[in-house]
Every structure is written in structure tokens, then in C-alpha cells.
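*Asks:* Sharing run_9.txt (compact mmCIF, C-alpha atoms) below.
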```
# COMPACT_ATOMS: atom_id res chain seq x y z
CA MET A 9 13.17 -16.38 22.76
CA ASP A 10 14.41 -14.71 25.96
CA TYR A 11 15.08 -10.96 26.07
CA THR A 12 17.49 -8.74 27.97
CA PRO A 13 15.87 -6.22 30.37
CA ALA A 14 16.07 -3.50 27.71
CA GLN A 15 14.53 -5.79 25.11
CA ALA A 16 11.86 -6.88 27.57
CA ALA A 17 10.75 -3.26 27.94
CA GLU A 18 10.33 -3.06 24.16
CA HIS A 19 8.27 -6.26 24.24
CA ALA A 20 5.96 -5.25 27.07
CA PRO A 21 2.35 -6.44 26.74
CA ALA A 22 0.27 -4.31 24.37
CA ARG A 23 -3.04 -3.42 25.96
CA ASN A 24 -6.37 -3.21 24.20
CA ALA A 25 -9.68 -2.05 25.65
CA PRO A 26 -11.41 -4.97 27.42
CA ASP A 27 -14.49 -4.50 25.24
CA ASN A 28 -12.52 -4.58 21.98
CA PRO A 29 -14.19 -7.47 20.08
CA LEU A 30 -11.38 -7.70 17.53
CA ALA A 31 -8.79 -8.21 20.26
CA GLY A 32 -10.90 -11.05 21.65
CA HIS A 33 -11.23 -12.58 18.20
CA ILE A 34 -7.44 -12.51 17.67
CA ARG A 35 -6.82 -13.99 21.12
CA GLY A 36 -8.95 -16.93 20.04
CA LEU A 37 -6.91 -17.35 16.86
CA ILE A 38 -3.66 -17.31 18.84
CA ALA A 39 -5.01 -20.00 21.17
CA GLN A 40 -6.15 -22.12 18.19
CA ALA A 41 -2.68 -21.77 16.63
CA GLY A 42 -0.96 -23.12 19.74
CA GLY A 43 -0.03 -19.80 21.34
CA TRP A 44 1.80 -18.08 18.45
CA LEU A 45 0.48 -16.27 15.38
CA SER A 46 2.68 -15.06 12.54
CA PHE A 47 2.51 -11.31 12.12
CA ASP A 48 1.01 -11.45 8.63
CA ARG A 49 -1.96 -13.36 10.03
CA PHE A 50 -2.26 -10.86 12.89
CA MET A 51 -2.11 -7.93 10.44
CA GLN A 52 -4.69 -9.57 8.19
CA GLN A 53 -7.15 -9.74 11.07
CA ALA A 54 -6.30 -6.30 12.45
CA LEU A 55 -7.05 -4.70 9.09
CA TYR A 56 -9.62 -6.93 7.41
CA ALA A 57 -11.51 -9.13 9.91
CA PRO A 58 -15.16 -8.81 8.76
CA GLY A 59 -16.95 -6.00 10.58
CA MET A 60 -14.09 -5.46 13.04
CA GLY A 61 -10.81 -4.87 11.21
CA TYR A 62 -9.64 -1.35 10.51
CA TYR A 63 -10.63 -1.41 6.84
CA ALA A 64 -13.83 -3.35 7.55
CA ASN A 65 -15.33 -1.14 10.23
CA ALA A 66 -17.20 2.15 9.90
CA LEU A 67 -14.50 4.46 11.29
CA ARG A 68 -13.46 7.31 9.02
CA LYS A 69 -10.00 6.80 7.53
CA PHE A 70 -9.31 9.40 4.85
CA GLY A 71 -9.20 13.16 5.32
CA ALA A 72 -6.91 16.16 5.15
CA MET A 73 -7.05 17.11 8.85
CA PRO A 74 -7.43 15.18 12.13
CA GLN A 75 -10.40 17.40 13.06
CA SER A 76 -12.40 15.46 10.47
CA GLY A 77 -11.94 12.30 12.51
CA SER A 78 -9.66 10.87 9.84
CA ASP A 79 -6.33 9.10 10.32
CA PHE A 80 -4.32 9.98 7.21
CA VAL A 81 -4.53 11.73 3.87
CA THR A 82 -3.85 10.22 0.45
CA ALA A 83 -2.96 12.13 -2.71
CA PRO A 84 -6.52 12.40 -4.15
CA GLU A 85 -7.82 13.92 -0.89
CA LEU A 86 -4.81 16.22 -0.69
CA SER A 87 -5.50 17.82 -4.07
CA PRO A 88 -7.82 17.04 -7.02
CA LEU A 89 -4.85 17.92 -9.22
CA PHE A 90 -3.55 14.41 -8.53
CA GLY A 91 -6.43 12.76 -10.38
CA GLN A 92 -6.41 15.39 -13.10
CA VAL A 93 -2.74 14.73 -13.90
CA LEU A 94 -3.05 10.96 -13.52
CA ALA A 95 -5.94 11.08 -16.01
CA ALA A 96 -3.48 12.17 -18.72
CA GLN A 97 -1.46 9.02 -18.12
CA VAL A 98 -4.51 6.78 -17.95
CA GLN A 99 -5.87 8.19 -21.21
CA GLU A 100 -2.56 7.52 -22.95
CA ALA A 101 -2.56 3.98 -21.51
CA LEU A 102 -6.11 3.30 -22.70
CA GLU A 103 -5.18 4.41 -26.21
CA ALA A 104 -1.82 2.58 -26.29
CA THR A 105 -3.36 -0.70 -25.12
CA GLY A 106 -6.63 -0.47 -27.06
CA THR A 107 -8.75 -0.79 -23.91
CA ASP A 108 -11.66 1.21 -22.50
CA GLU A 109 -11.91 0.06 -18.87
CA VAL A 110 -10.19 1.03 -15.63
CA TRP A 111 -9.99 -1.29 -12.62
CA GLU A 112 -9.00 0.32 -9.32
CA PHE A 113 -7.95 -1.70 -6.29
CA GLY A 114 -8.57 -0.23 -2.85
CA ALA A 115 -10.39 2.91 -3.97
CA GLY A 116 -10.58 4.44 -0.49
CA SER A 117 -13.06 7.30 -0.31
CA GLY A 118 -13.69 7.16 -4.07
CA ALA A 119 -12.00 10.55 -4.57
CA LEU A 120 -9.54 9.29 -7.19
CA ALA A 121 -12.25 7.47 -9.12
CA ALA A 122 -14.35 10.64 -9.21
CA GLN A 123 -11.44 12.72 -10.46
CA LEU A 124 -10.57 10.24 -13.20
CA LEU A 125 -14.16 9.76 -14.34
CA GLN A 126 -14.60 13.51 -14.55
CA HIS A 127 -11.46 14.11 -16.64
CA LEU A 128 -11.60 11.01 -18.85
CA GLY A 129 -15.22 11.50 -19.85
CA ALA A 130 -16.57 9.37 -22.67
CA ARG A 131 -13.16 7.82 -23.37
CA LEU A 132 -13.81 5.54 -20.40
CA ARG A 133 -16.59 2.99 -20.83
CA ARG A 134 -16.44 1.30 -17.42
CA TYR A 135 -14.74 1.97 -14.07
CA THR A 136 -14.65 -1.08 -11.79
CA ILE A 137 -13.59 -0.99 -8.14
CA VAL A 138 -12.35 -3.93 -6.08
CA ASP A 139 -12.43 -3.15 -2.36
CA VAL A 140 -12.63 -5.58 0.55
CA SER A 141 -14.28 -3.01 2.84
CA GLY A 142 -18.06 -2.91 2.83
CA ALA A 143 -18.01 0.41 4.71
CA LEU A 144 -15.72 1.97 2.11
CA ARG A 145 -17.79 0.56 -0.75
CA ALA A 146 -20.84 2.31 0.69
CA ARG A 147 -18.94 5.59 0.85
CA GLN A 148 -17.67 5.11 -2.70
CA GLN A 149 -21.17 4.45 -3.97
CA GLN A 150 -22.34 7.75 -2.51
CA THR A 151 -19.38 9.66 -3.93
CA LEU A 152 -19.72 8.14 -7.40
CA ALA A 153 -23.53 7.96 -7.70
CA ARG A 154 -23.57 10.76 -10.28
CA PHE A 155 -21.62 8.60 -12.74
CA GLY A 156 -24.39 6.01 -12.84
CA GLU A 157 -23.81 2.63 -14.45
CA ARG A 158 -20.36 3.53 -15.70
CA VAL A 159 -19.11 2.54 -12.22
CA ALA A 160 -19.25 -1.03 -10.95
CA TRP A 161 -17.93 -2.99 -7.98
CA ALA A 162 -16.46 -6.49 -8.10
CA GLU A 163 -15.27 -8.95 -5.48
CA ARG A 164 -12.87 -10.83 -7.74
CA LEU A 165 -11.05 -10.50 -11.03
CA PRO A 166 -12.62 -11.77 -14.24
CA GLU A 167 -10.88 -14.68 -15.96
CA ARG A 168 -9.58 -12.33 -18.66
CA MET A 169 -9.00 -8.62 -18.24
CA ARG A 170 -8.45 -5.96 -20.89
CA ALA A 171 -8.02 -2.79 -18.86
CA VAL A 172 -5.82 -0.20 -17.21
CA VAL A 173 -5.31 -1.19 -13.56
CA LEU A 174 -4.66 1.32 -10.76
CA GLY A 175 -3.54 0.91 -7.18
CA ASN A 176 -2.86 4.04 -5.13
CA GLU A 177 -1.63 3.24 -1.62
CA VAL A 178 -3.11 -0.24 -1.65
CA LEU A 179 -0.12 -2.61 -1.69
CA ASP A 180 1.36 -1.07 1.49
CA ALA A 181 -1.69 -2.31 3.43
CA MET A 182 -1.17 -5.95 2.41
CA PRO A 183 0.04 -8.07 5.35
CA VAL A 184 3.79 -8.57 5.73
CA ARG A 185 5.90 -11.11 7.59
CA LEU A 186 8.47 -9.84 10.09
CA LEU A 187 12.03 -11.15 10.26
CA GLN A 188 14.35 -10.40 13.15
CA ARG A 189 18.08 -11.11 13.20
CA SER A 190 19.28 -11.46 16.79
CA ASN A 191 22.83 -12.45 17.73
CA GLY A 192 23.45 -13.44 14.12
CA ARG A 193 20.45 -15.79 13.85
CA TRP A 194 17.24 -15.13 11.92
CA HIS A 195 13.82 -15.47 13.53
CA GLU A 196 10.27 -14.83 12.43
CA ARG A 197 8.52 -12.37 14.70
CA GLY A 198 4.96 -13.24 15.61
CA VAL A 199 2.40 -12.45 18.28
CA ALA A 200 1.69 -14.33 21.50
CA LEU A 201 -0.31 -13.67 24.67
CA GLN A 202 0.84 -12.60 28.11
CA ASP A 203 -1.95 -12.13 30.65
CA ASP A 204 -4.38 -11.76 27.75
CA ALA A 205 -2.29 -8.95 26.23
CA PHE A 206 -0.49 -9.17 22.88
CA VAL A 207 3.30 -9.49 23.01
CA TRP A 208 5.99 -9.99 20.40
CA SER A 209 7.43 -13.48 20.20
CA ASP A 210 10.29 -14.61 17.95
CA ARG A 211 10.87 -18.12 16.61
CA PRO A 212 13.89 -19.45 14.68
CA SER A 213 13.08 -19.48 10.97
CA VAL A 214 14.47 -20.55 7.62
CA LEU A 215 12.96 -17.42 6.08
CA ARG A 216 15.40 -14.74 4.93
CA PRO A 217 15.19 -11.30 3.34
CA PRO A 218 15.62 -11.46 -0.45
CA ALA A 219 18.87 -9.48 -0.19
CA GLU A 220 21.83 -10.14 2.08
CA VAL A 221 21.93 -7.69 4.99
CA ALA A 222 25.55 -6.81 5.68
CA GLY A 223 26.83 -6.90 9.24
CA GLU A 224 26.06 -8.95 12.33
CA HIS A 225 24.02 -6.35 14.20
CA ASP A 226 20.42 -7.02 15.27
CA TYR A 227 18.09 -6.23 12.41
CA LEU A 228 14.30 -6.11 12.00
CA THR A 229 12.67 -6.05 8.56
CA GLU A 230 9.72 -7.23 6.47
CA ILE A 231 9.12 -9.52 3.54
CA HIS A 232 6.08 -9.16 1.25
CA PRO A 233 4.76 -12.53 0.04
CA GLN A 234 1.16 -11.31 -0.19
CA ALA A 235 1.89 -8.23 -2.31
CA GLU A 236 4.13 -10.29 -4.58
CA GLY A 237 1.42 -12.94 -4.81
CA PHE A 238 -1.02 -10.22 -5.86
CA MET A 239 1.32 -9.34 -8.73
CA ARG A 240 1.36 -12.94 -9.90
CA THR A 241 -2.43 -13.14 -9.71
CA LEU A 242 -2.80 -9.94 -11.71
CA ALA A 243 -0.47 -11.33 -14.37
CA GLN A 244 -2.67 -14.41 -14.72
CA HIS A 245 -5.77 -12.30 -15.45
CA LEU A 246 -4.49 -9.22 -17.32
CA GLN A 247 -4.47 -10.29 -20.95
CA GLN A 248 -4.07 -6.82 -22.42
CA GLY A 249 -3.51 -3.48 -20.76
CA ALA A 250 -1.33 -1.73 -18.21
CA ALA A 251 -1.09 -1.35 -14.45
CA PHE A 252 0.15 1.60 -12.37
CA PHE A 253 0.95 1.20 -8.68
CA ILE A 254 1.68 4.34 -6.63
CA ASP A 255 2.99 3.84 -3.12
CA TYR A 256 5.83 4.52 -0.71
CA GLY A 257 8.85 2.26 -0.79
CA PHE A 258 12.34 1.59 -2.08
CA PRO A 259 14.26 -0.66 -4.44
CA GLU A 260 15.66 -3.76 -2.76
CA ALA A 261 19.19 -2.44 -2.11
CA GLU A 262 17.77 0.53 -0.21
CA TYR A 263 15.02 -1.45 1.53
CA TYR A 264 17.48 -3.91 3.09
CA HIS A 265 20.22 -1.36 3.75
CA PRO A 266 22.19 -2.28 6.90
CA GLN A 267 21.19 1.00 8.56
CA ARG A 268 17.44 0.34 8.10
CA ASP A 269 17.60 -1.94 11.11
CA GLN A 270 14.16 -1.18 12.57
CA GLY A 271 12.20 -2.02 9.42
CA THR A 272 9.43 0.17 8.02
CA LEU A 273 6.30 -1.05 9.81
CA VAL A 274 4.23 1.84 11.22
CA CYS A 275 0.67 2.69 12.25
CA HIS A 276 -1.43 5.75 11.42
CA ARG A 277 -4.08 7.24 13.67
CA ALA A 278 -5.40 10.81 13.86
CA HIS A 279 -2.63 11.90 11.46
CA ARG A 280 0.04 10.67 13.85
CA VAL A 281 2.48 7.82 13.35
CA ASP A 282 3.35 5.19 15.96
CA ALA A 283 5.19 1.89 16.02
CA GLU A 284 2.71 -0.09 18.17
CA PRO A 285 0.64 -2.36 15.91
CA LEU A 286 -0.34 -4.60 18.83
CA GLN A 287 -2.19 -1.77 20.61
CA ASP A 288 -5.72 -0.60 19.83
CA VAL A 289 -6.19 -3.19 17.10
CA GLY A 290 -8.83 -2.28 14.57
CA LEU A 291 -8.65 1.41 15.47
CA LYS A 292 -5.63 2.38 13.36
CA ASP A 293 -3.94 1.60 10.08
CA ILE A 294 -0.94 -0.73 9.90
CA THR A 295 1.36 -0.36 6.94
CA ALA A 296 4.84 -1.15 5.60
CA HIS A 297 6.89 0.35 2.80
CA LEU A 298 7.18 -1.67 -0.40
CA ASN A 299 10.16 -3.50 -1.85
CA PHE A 300 9.58 -2.42 -5.44
CA THR A 301 12.27 -4.78 -6.73
CA GLY A 302 10.40 -7.78 -5.36
CA LEU A 303 7.13 -6.56 -6.83
CA ALA A 304 8.66 -5.95 -10.26
CA LEU A 305 10.37 -9.35 -10.31
CA ALA A 306 7.20 -11.18 -9.26
CA ALA A 307 5.24 -9.44 -12.03
CA GLN A 308 7.95 -10.02 -14.62
CA GLU A 309 8.38 -13.70 -13.78
CA ALA A 310 4.61 -14.13 -14.13
CA GLY A 311 4.60 -12.64 -17.62
CA LEU A 312 4.10 -8.88 -17.26
CA GLN A 313 6.53 -6.29 -18.61
CA VAL A 314 8.03 -3.54 -16.47
CA LEU A 315 7.15 -0.36 -18.37
CA GLY A 316 8.67 2.09 -15.92
CA TYR A 317 9.65 2.96 -12.38
CA THR A 318 10.23 6.46 -11.01
CA SER A 319 9.39 8.87 -8.20
CA GLN A 320 5.91 10.32 -7.88
CA ALA A 321 7.39 13.78 -8.53
CA HIS A 322 8.91 12.77 -11.86
CA PHE A 323 5.78 10.85 -12.84
CA LEU A 324 3.45 13.78 -12.20
CA MET A 325 5.80 16.32 -13.75
CA ASN A 326 6.04 14.23 -16.92
CA ASN A 327 2.25 14.18 -17.12
CA GLY A 328 1.81 17.96 -17.05
CA PHE A 329 1.71 18.77 -13.34
CA LEU A 330 3.27 22.23 -13.64
CA SER A 331 1.05 23.47 -16.45
CA ASN A 332 -2.03 22.33 -14.52
CA LEU A 333 -0.68 23.85 -11.29
CA GLU A 334 -0.60 27.27 -12.93
CA GLN A 335 -4.39 27.14 -13.30
CA LEU A 336 -4.90 26.93 -9.51
CA THR A 337 -5.18 29.70 -6.97
CA GLN A 338 -2.37 30.17 -4.45
CA VAL A 339 -4.52 28.57 -1.76
CA GLN A 340 -5.06 25.50 -3.99
CA GLN A 341 -1.39 25.32 -5.00
CA ALA A 342 -0.07 24.84 -1.45
CA PRO A 343 -1.49 21.32 -0.87
CA ALA A 344 -0.93 20.35 -4.51
CA LEU A 345 2.79 21.07 -4.21
CA LYS A 346 3.06 18.45 -1.46
CA LEU A 347 2.51 15.86 -4.19
CA VAL A 348 5.89 16.66 -5.77
CA LEU A 349 8.08 18.25 -3.10
CA GLU A 350 11.00 16.01 -2.17
CA HIS A 351 10.47 16.31 1.59
CA GLU A 352 6.74 15.58 1.24
CA MET A 353 5.36 12.88 -1.12
CA GLY A 354 7.47 13.59 -4.20
CA GLU A 355 10.43 11.32 -3.50
CA LEU A 356 9.18 8.82 -0.92
CA PHE A 357 6.32 7.75 -3.19
CA LYS A 358 7.23 5.78 -6.30
CA VAL A 359 5.30 4.66 -9.37
CA LEU A 360 5.69 1.20 -10.92
CA ALA A 361 4.10 0.57 -14.32
CA LEU A 362 3.49 -2.89 -15.76
CA GLY A 363 2.16 -3.98 -19.12
CA ALA A 364 0.49 -6.90 -20.86
CA GLY A 365 0.76 -6.87 -24.64
CA PRO A 366 3.07 -4.88 -26.95
CA ALA A 367 5.71 -2.83 -25.12
CA TRP A 368 5.41 0.97 -25.02
CA GLN A 369 6.77 3.80 -22.87
CA PRO A 370 4.24 5.68 -20.76
CA ARG A 371 4.71 9.44 -20.72
CA GLY A 372 5.08 9.41 -16.94
CA PHE A 373 8.56 7.94 -17.32
CA ALA A 374 9.89 10.18 -20.09
CA ALA A 375 12.36 11.77 -17.64
CA GLY A 376 13.75 10.34 -14.41
CA GLU A 377 13.11 6.68 -15.29
CA ARG A 378 14.74 4.40 -12.68
CA SER A 379 14.07 0.81 -13.69
CA HIS A 380 17.83 0.23 -13.74
CA ARG A 381 17.84 0.81 -9.96
CA LEU A 382 15.33 -1.95 -9.18
```
Taking this structure as input, can you express it in the form of C-alpha cells?
*Replies:*
Amino acid sequence: MDYTPAQAAEHAPARNAPDNPLAGHIRGLIAQAGGWLSFDRFMQQALYAPGMGYYANALRKFGAMPQSGSDFVTAPELSPLFGQVLAAQVQEALEATGTDEVWEFGAGSGALAAQLLQHLGARLRRYTIVDVSGALRARQQQTLARFGERVAWAERLPERMRAVVLGNEVLDAMPVRLLQRSNGRWHERGVALQDDAFVWSDRPSVLRPPAEVAGEHDYLTEIHPQAEGFMRTLAQHLQQGAAFFIDYGFPEAEYYHPQRDQGTLVCHRAHRVDAEPLQDVGLKDITAHLNFTGLALAAQEAGLQVLGYTSQAHFLMNNGFLSNLEQLTQVQQAPALKLVLEHEMGELFKVLALGAGPAWQPRGFAAGERSHRL
């Protein structure tokens, strides 16, 4: 579509280093696709192209400070108290569901796995990690070597699973499709080439957000078919157990609020946030907030039960965060408090729990349960 001068400035070509092999690879895909690539396909390559994508290359991702060469920090790296408190919930889930395995998706540095293995002890027979990144698997294997054969890695789900499933900041990195409403008409936003540089390009589309967006103003947002498809796949394999997904996002009514007109797509690099996913591909994270309503509905329609939904702060508090916090020094308490403070991770991050088998209420949702808001 054509842009006004102001819009054209926003859609200026995004430059990548001439020797960036991933950029060259994606240019070839755009040419093969006839000059236009949907953003979810672009994001898939930018993050996961073998050996080149952000999560497939050897660059360091996780760390508390940019001086470490890292790009962002997740809860387990922020404080080991996160894994210690989560272990209380996992232990209850193992007992309630009669299982003795944990499966973690996207285990990052392996910090959370180490914390859980340490605190769960003999109650946990096997800890299996599914991670698409060979570089991260190598780092995890070093971190978790002391736990021996209790830890395993898998590339796919078994036909039947009896386990507690965990996903901490994994669904937000699943590719999204971009929808743009311009002059009252909906388009899908994809990526094209201009002088070998990546540019945004919108095409009319029948796709729509799952909720009506009030007003006629221009509006950019995301839809999450891949994350919702993951929920349906999990439901097909999880015969008995529970799943806990911890990530940033909103229920549908908040996600598609008329004032959220720029969407939620952002990039992370050196502990800074930018809104330029077409630049420096493969060198930074690309992520979008989650529509937890869509995830819960996809899981429910596929046969899983919604056991609970709440903020990370409520979830951790319900699992004994404060009593464990008292055991830390003041220096250790400062980063740990970021896990629950409203202006840090406490409110932005949510926890969605799903179950297969008899219904039960996890302790993490004893107070502050919000399923009625999904």
C-alpha cells in the first residue's frame, strides 16, 4: 500500500550489515515468495534459522547486566528465589496429578531447571528439556551436568505424557502475525525488499483480531496462531498432569484495547528495548505480549482444563514468597523483590495453569485468581 510522507519515514528501509548471512538468507526467502513475506515467517527465521537465528546462534542472551554481554534477564537469573518458590507449586502439582516428571520448554540458560532440581530432590524422577537452540542446549548441559541422568533433552513430545509442564518466557518468542487497520480497512503487515533492505509492506487481508477493536483510527496489533497451536498440540499429548506458563501479556479485552494502537511487538538487545525488528536480524530478541484469553480457549477447546490465571506476584506470594524472602540477606532481597513489585515483573507477568485429569486448585491461585477476566 502507499504511505503518506510521515508514514514513509516510519517504513524506511531497515539496514543490516552487508556480511550478515541471516539477512541474505531472508532476502532469498522473500524473493522465492514473490517479493513479500508474512511477518510470522520473517520472525521464525530471525529467531530460529539454523545456526543463524537469534536463538540458534552462539551469542549470549541471558544475564542480569549488559556488561555480561547479555540482552535481557529472566526471573531465574534475577533471583534463585524464583525457582525455590516455583518448586513448591511443582511439588504440589506432581503429588496432585500422580506424576514424577517435569518437562520444560525453552529452558534458556538452564537456571530454572537447576533451581527446581535442587529443591525438588528425589521427588522428581526425570527432568526433560525441549529447546530448539543447539547453543542453549550445550549451555544447559554444562549447567545441569551435576544432576546426571535425571536430566534429558528431547526434540519432540512423546505420544503420551504424564508430567508437569513448564514454560517460563517461551510463548512470547513464538512468531506472531501482524495486522494493521488503515483508513478503516484491515491489512496483514509483512516484509518486502527495497534496495536489498527490509521494509514493511501491508496487504489487504481477511484476517482479523479475535476481539472487535472499537473506533476507526489506525491500529497495529498481533495475532498468535503459533502459540495457540502449541496449546492444542500439548493437549493432544498430555494425558495426565498440569502445565504452568509464566509470561507477560493480558486478557483479550486489554490486549485489543482501542488505545493499544501500536501493538506489543518489541526487540531486546543489551538490556535495551527497541521497536525495529527488521534491523540487525539475528542479533537481538523479537517478542510480543501474549493474549492469555486466546491461549486458554485454545487449550480448553482441545481438552485441557483451565486451573488458574493470575499475576506473577499473586502466584509467588501464594507459594510462600514472603517467608522465603525473609531468609535472604538485604543484598539478595533487592533483586528478588523485582519478581513481585507491581512496577517490575509482578503485575505485567501472568501465570496460566492448565490440567489434564481430575480438576484441582493449585496453591498459586488461592488468592487473586483471575480466570473470570480471561
*Asks:* Work out how far apart CA of Trp194 in chain A and CA of Tyr227 in chain A are and give it in Å to one decimal.
*Replies:*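 Spanning CA of Trp194 in chain A to CA of Tyr227 in chain A is a straight-line distance of 9.0 Å.
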*Asks:* So that I can check the surroundings of Lys346 in chain A, please list as a CSV table (one decimal) with C-alpha atoms, in the frame of the given file every protein, DNA and RNA residue that reaches within 12 Å of it, counting only C-alpha atoms and ignoring chain neighbours fewer than 2 positions away.
*Replies:*
```csv
chain,number,residue,atom,x,y,z
A,81,VAL,CA,-4.5,11.7,3.9
A,82,THR,CA,-3.8,10.2,0.4
A,83,ALA,CA,-3.0,12.1,-2.7
A,84,PRO,CA,-6.5,12.4,-4.2
A,85,GLU,CA,-7.8,13.9,-0.9
A,86,LEU,CA,-4.8,16.2,-0.7
A,87,SER,CA,-5.5,17.8,-4.1
A,89,LEU,CA,-4.8,17.9,-9.2
A,90,PHE,CA,-3.6,14.4,-8.5
A,320,GLN,CA,5.9,10.3,-7.9
A,321,ALA,CA,7.4,13.8,-8.5
A,324,LEU,CA,3.4,13.8,-12.2
A,329,PHE,CA,1.7,18.8,-13.3
A,333,LEU,CA,-0.7,23.8,-11.3
A,340,GLN,CA,-5.1,25.5,-4.0
A,341,GLN,CA,-1.4,25.3,-5.0
A,342,ALA,CA,-0.1,24.8,-1.4
A,343,PRO,CA,-1.5,21.3,-0.9
A,344,ALA,CA,-0.9,20.4,-4.5
A,348,VAL,CA,5.9,16.7,-5.8
A,349,LEU,CA,8.1,18.2,-3.1
A,350,GLU,CA,11.0,16.0,-2.2
A,351,HIS,CA,10.5,16.3,1.6
A,352,GLU,CA,6.7,15.6,1.2
A,353,MET,CA,5.4,12.9,-1.1
A,354,GLY,CA,7.5,13.6,-4.2
A,355,GLU,CA,10.4,11.3,-3.5
A,356,LEU,CA,9.2,8.8,-0.9
A,357,PHE,CA,6.3,7.8,-3.2
```
*Asks:* Excluding range 276-283 of chain A and its own-chain neighbours fewer than 2 positions away, which residues fall within 8 Å of it when counting all atoms listed in the file? Please give them as an mmCIF file with C-alpha atoms, in the coordinates of the input.
*Replies:*
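In the end it all went to out28.cif:
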```cif
data_model
loop_
_atom_site.group_PDB
_atom_site.id
_atom_site.type_symbol
_atom_site.label_atom_id
_atom_site.label_comp_id
_atom_site.auth_asym_id
_atom_site.auth_seq_id
_atom_site.Cartn_x
_atom_site.Cartn_y
_atom_site.Cartn_z
ATOM 1 C CA MET A 73 -7.050 17.110 8.850
ATOM 2 C CA PRO A 74 -7.430 15.180 12.130
ATOM 3 C CA GLY A 77 -11.940 12.300 12.510
ATOM 4 C CA SER A 78 -9.660 10.870 9.840
ATOM 5 C CA ASP A 79 -6.330 9.100 10.320
ATOM 6 C CA PHE A 80 -4.320 9.980 7.210
ATOM 7 C CA VAL A 81 -4.530 11.730 3.870
ATOM 8 C CA LEU A 273 6.300 -1.050 9.810
ATOM 9 C CA VAL A 274 4.230 1.840 11.220
ATOM 10 C CA PRO A 285 0.640 -2.360 15.910
ATOM 11 C CA LEU A 291 -8.650 1.410 15.470
ATOM 12 C CA LYS A 292 -5.630 2.380 13.360
ATOM 13 C CA ASP A 293 -3.940 1.600 10.080
ATOM 14 C CA ILE A 294 -0.940 -0.730 9.900
#
```
*Asks:* Please report the interatomic distance between CA of Pro217 in chain A and CA of Tyr56 in chain A in Å with one decimal.
*Replies:*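 We find that CA of Pro217 in chain A and CA of Tyr56 in chain A lie 25.5 Å from each other.
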*Asks:* What's around Pro29 in chain A at 12 Å? Count all atoms listed in the file, leave out sequence neighbours fewer than 6 positions away in its own chain, and write the answer as a list in words.
*Replies:* Arg35, Gly36, Gln53, Ala54, Ala57, Pro58, Gly59, Met60, Gly61, Asn65, Asp288, Val289, Gly290 and Leu291 of chain A
*Asks:* Please produce a file of the residues just selected, as a PDB file, keeping the file's coordinate frame, where the atoms kept are C-alpha atoms.
*Replies:*
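Resulting contents of result-v4.pdb:
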```pdb
ATOM      1  CA  ARG A  35      -6.820 -13.990  21.120  1.00  0.00           C
ATOM      2  CA  GLY A  36      -8.950 -16.930  20.040  1.00  0.00           C
ATOM      3  CA  GLN A  53      -7.150  -9.740  11.070  1.00  0.00           C
ATOM      4  CA  ALA A  54      -6.300  -6.300  12.450  1.00  0.00           C
ATOM      5  CA  ALA A  57     -11.510  -9.130   9.910  1.00  0.00           C
ATOM      6  CA  PRO A  58     -15.160  -8.810   8.760  1.00  0.00           C
ATOM      7  CA  GLY A  59     -16.950  -6.000  10.580  1.00  0.00           C
ATOM      8  CA  MET A  60     -14.090  -5.460  13.040  1.00  0.00           C
ATOM      9  CA  GLY A  61     -10.810  -4.870  11.210  1.00  0.00           C
ATOM     10  CA  ASN A  65     -15.330  -1.140  10.230  1.00  0.00           C
ATOM     11  CA  ASP A 288      -5.720  -0.600  19.830  1.00  0.00           C
ATOM     12  CA  VAL A 289      -6.190  -3.190  17.100  1.00  0.00           C
ATOM     13  CA  GLY A 290      -8.830  -2.280  14.570  1.00  0.00           C
ATOM     14  CA  LEU A 291      -8.650   1.410  15.470  1.00  0.00           C
TER      15      LEU A 291
END
```
*Asks:* Per residue of range 128-236 of chain A within 10 Å of range 109-117 of chain A, what are the shortest atom pair and its distance in Å to one decimal, counting all atoms listed in the file, with rows by chain and residue number, as a tab-separated table?
*Replies:*
```
residue	atom	partner	partner_atom	distance
A:Arg131	CA	A:Glu109	CA	9.1
A:Leu132	CA	A:Glu109	CA	6.0
A:Arg133	CA	A:Glu109	CA	5.9
A:Arg134	CA	A:Glu109	CA	4.9
A:Tyr135	CA	A:Val110	CA	4.9
A:Thr136	CA	A:Trp111	CA	4.7
A:Ile137	CA	A:Glu112	CA	4.9
A:Val138	CA	A:Phe113	CA	4.9
A:Asp139	CA	A:Gly114	CA	4.9
A:Val140	CA	A:Gly114	CA	7.5
A:Ser141	CA	A:Gly114	CA	8.5
A:Ala143	CA	A:Ser117	CA	9.9
A:Leu144	CA	A:Gly116	CA	6.3
A:Arg145	CA	A:Gly116	CA	8.2
A:Ala146	CA	A:Ser117	CA	9.3
A:Arg147	CA	A:Ser117	CA	6.2
A:Gln148	CA	A:Ser117	CA	5.6
A:Gln149	CA	A:Ser117	CA	9.3
A:Gln150	CA	A:Ser117	CA	9.5
A:Thr151	CA	A:Ser117	CA	7.7
A:Leu152	CA	A:Ser117	CA	9.8
A:Arg158	CA	A:Glu109	CA	9.7
A:Val159	CA	A:Val110	CA	9.7
A:Ala160	CA	A:Trp111	CA	9.4
A:Trp161	CA	A:Trp111	CA	9.4
A:Ala162	CA	A:Trp111	CA	9.5
A:Leu165	CA	A:Trp111	CA	9.4
A:Met169	CA	A:Glu109	CA	9.2
A:Arg170	CA	A:Glu109	CA	7.2
A:Ala171	CA	A:Glu109	CA	4.8
A:Val172	CA	A:Val110	CA	4.8
A:Val173	CA	A:Trp111	CA	4.8
A:Leu174	CA	A:Glu112	CA	4.7
A:Gly175	CA	A:Phe113	CA	5.2
A:Asn176	CA	A:Gly114	CA	7.5
A:Glu177	CA	A:Gly114	CA	7.9
A:Val178	CA	A:Gly114	CA	5.6
A:Leu179	CA	A:Gly114	CA	8.9
A:Ala181	CA	A:Gly114	CA	9.5
```
*Asks:* Which residues are close to range 237-247 of chain A, i.e. within 10 Å by all atoms listed in the file, leaving aside same-chain residues fewer than 6 positions away? Reply as a list in words.
*Replies:* Leu165, Pro166, Glu167, Arg168, Met169, Arg170, Ala171, Val172, Val173, Leu179, Met182, Gly302, Leu303, Ala304, Leu305, Ala306, Ala307, Gln308, Glu309, Ala310, Gly311, Leu312, Gln313, Leu362, Gly363, Ala364 and Gly365 of chain A
*Asks:* Ranking A:Gln126, A:Gln97, A:Thr229, A:Asn191 by minimum distance to Ala374 in chain A and counting all atoms listed in the file, which one comes first?
*Replies:*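 Distance minimum relative to Ala374 in chain A lands on A:Gln97.
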